Amino acid sequence: MKDFMNEALKFAQLAYKKNEVPIGAVIVKNDKIIAKGYNKREKKQNALLHAEIIAINKACKKLKSWRLDDCILFVTLEPCPMCAGAICNSRIKTVIFACKEQTSNDGLCELILNSNRLNHKVNLIQDKKYEEQSSELLKKFFKEKR
């Protein structure tokens, strides 16, 4: 199996170089990357342009469907509530993330991804192989901002 989280991390590093919050995402179907994304909120001045949303949008275009059944999302940071909602609505099967959101100790992402209110459930898995690298990149970015 390919190291898809490493690919997501490359996009996080690209976001960092472009002065965006360093989060990267790739969507995989049948063991192939079908979409990639990194944060573009600052460049486009659009609050919706998180890495996951960009990747989901590209995957929908590639598959010509809003249903991303059997797709896996690899993302360098645990998804926010907005992205968790989009992940459910696009029917992504599994989300694999590198590091936990520091301010999220309430399990909100997992609650959204597995809410009884929604008719689709998502597997949420932390891949700790790149946890430190992803976390350090985020810490470095925000330390430089303050």
# chains A, B, ... in the order shown; residues from 1 in each chain; ligands from 1
call {"tool": "select_by_dssp", "arguments": {"residues": "segment 45-74 of chain A", "states": "helix (DSSP H, G or I)", "output": "number ranges by chain"}}
result
A: 51-63
call {"tool": "write_last_selection", "arguments": {"atoms": "C-alpha atoms", "output": "mmCIF file, in the first residue's frame"}}
result
data_model
loop_
_atom_site.group_PDB
_atom_site.id
_atom_site.type_symbol
_atom_site.label_atom_id
_atom_site.label_comp_id
_atom_site.auth_asym_id
_atom_site.auth_seq_id
_atom_site.Cartn_x
_atom_site.Cartn_y
_atom_site.Cartn_z
ATOM 1 C CA ALA A 51 -7.933 21.167 2.306
ATOM 2 C CA GLU A 52 -10.667 18.546 2.723
ATOM 3 C CA ILE A 53 -13.333 20.640 0.941
ATOM 4 C CA ILE A 54 -11.001 21.324 -1.983
ATOM 5 C CA ALA A 55 -10.130 17.622 -2.275
ATOM 6 C CA ILE A 56 -13.799 16.586 -2.032
ATOM 7 C CA ASN A 57 -14.749 19.064 -4.754
ATOM 8 C CA LYS A 58 -12.011 17.754 -7.063
ATOM 9 C CA ALA A 59 -12.955 14.120 -6.377
ATOM 10 C CA CYS A 60 -16.614 14.823 -7.203
ATOM 11 C CA LYS A 61 -15.574 16.379 -10.504
ATOM 12 C CA LYS A 62 -13.233 13.493 -11.291
ATOM 13 C CA LEU A 63 -15.878 10.844 -10.565
#
call {"tool": "residues_around", "arguments": {"residues": "Ala15 of chain A", "least_positions_apart": "4", "cutoff": "12 Å", "atoms": "only C-alpha atoms", "output": "PyMOL selection string"}}
result
chain A and resi 8-11+19-25+37-43+49-51+76+137-138+141
call {"tool": "atom_distance", "arguments": {"atom1": "atom CA of Ile125 of chain A", "atom2": "atom CA of Asn46 of chain A"}}
result
28.2 Å
call {"tool": "closest_residue", "arguments": {"among": "A:Met82, A:Cys71, A:Ala98, A:Ile34", "to": "Asn6 of chain A", "atoms": "only C-alpha atoms"}}
result
A:Ala98
call {"tool": "atom_distance", "arguments": {"atom1": "atom CA of Gln126 of chain A", "atom2": "atom CA of Phe4 of chain A"}}
result
13.3 Å
call {"tool": "atom_distance", "arguments": {"atom1": "atom CA of Lys100 of chain A", "atom2": "atom CA of Leu77 of chain A"}}
result
6.0 Å
call {"tool": "select_by_dssp", "arguments": {"residues": "chain A", "states": "strand (DSSP E)", "output": "PyMOL selection string"}}
result
chain A and resi 24-29+32-38+71-77+94-99+123-126
call {"tool": "residues_around", "arguments": {"residues": "Asp3 of chain A", "least_positions_apart": "5", "cutoff": "12 Å", "atoms": "only C-alpha atoms", "output": "ChimeraX atom specification"}}
result
/A:8-10,26,28,31-33,74,96,127,129-130
call {"tool": "write_last_selection", "arguments": {"atoms": "C-alpha atoms", "output": "tab-separated table (two decimals), in the first residue's frame"}}
result
chain	number	residue	atom	x	y	z
A	8	ALA	CA	-1.06	14.68	2.20
A	9	LEU	CA	1.89	15.98	4.22
A	10	LYS	CA	3.56	17.24	1.02
A	26	VAL	CA	-5.69	13.44	-0.59
A	28	VAL	CA	-7.92	7.70	-2.66
A	31	ASP	CA	-5.51	2.48	-4.22
A	32	LYS	CA	-5.03	5.57	-6.46
A	33	ILE	CA	-5.07	9.24	-5.58
A	74	PHE	CA	-6.10	11.12	4.17
A	96	ILE	CA	-7.40	8.76	8.20
A	127	ASP	CA	-2.42	7.26	11.75
A	129	LYS	CA	3.17	7.69	11.84
A	130	TYR	CA	3.08	11.36	10.78
call {"tool": "closest_residue", "arguments": {"among": "A:Lys36, A:Lys29, A:Lys139, A:Lys17", "to": "Glu101 of chain A", "atoms": "only C-alpha atoms"}}
result
A:Lys139
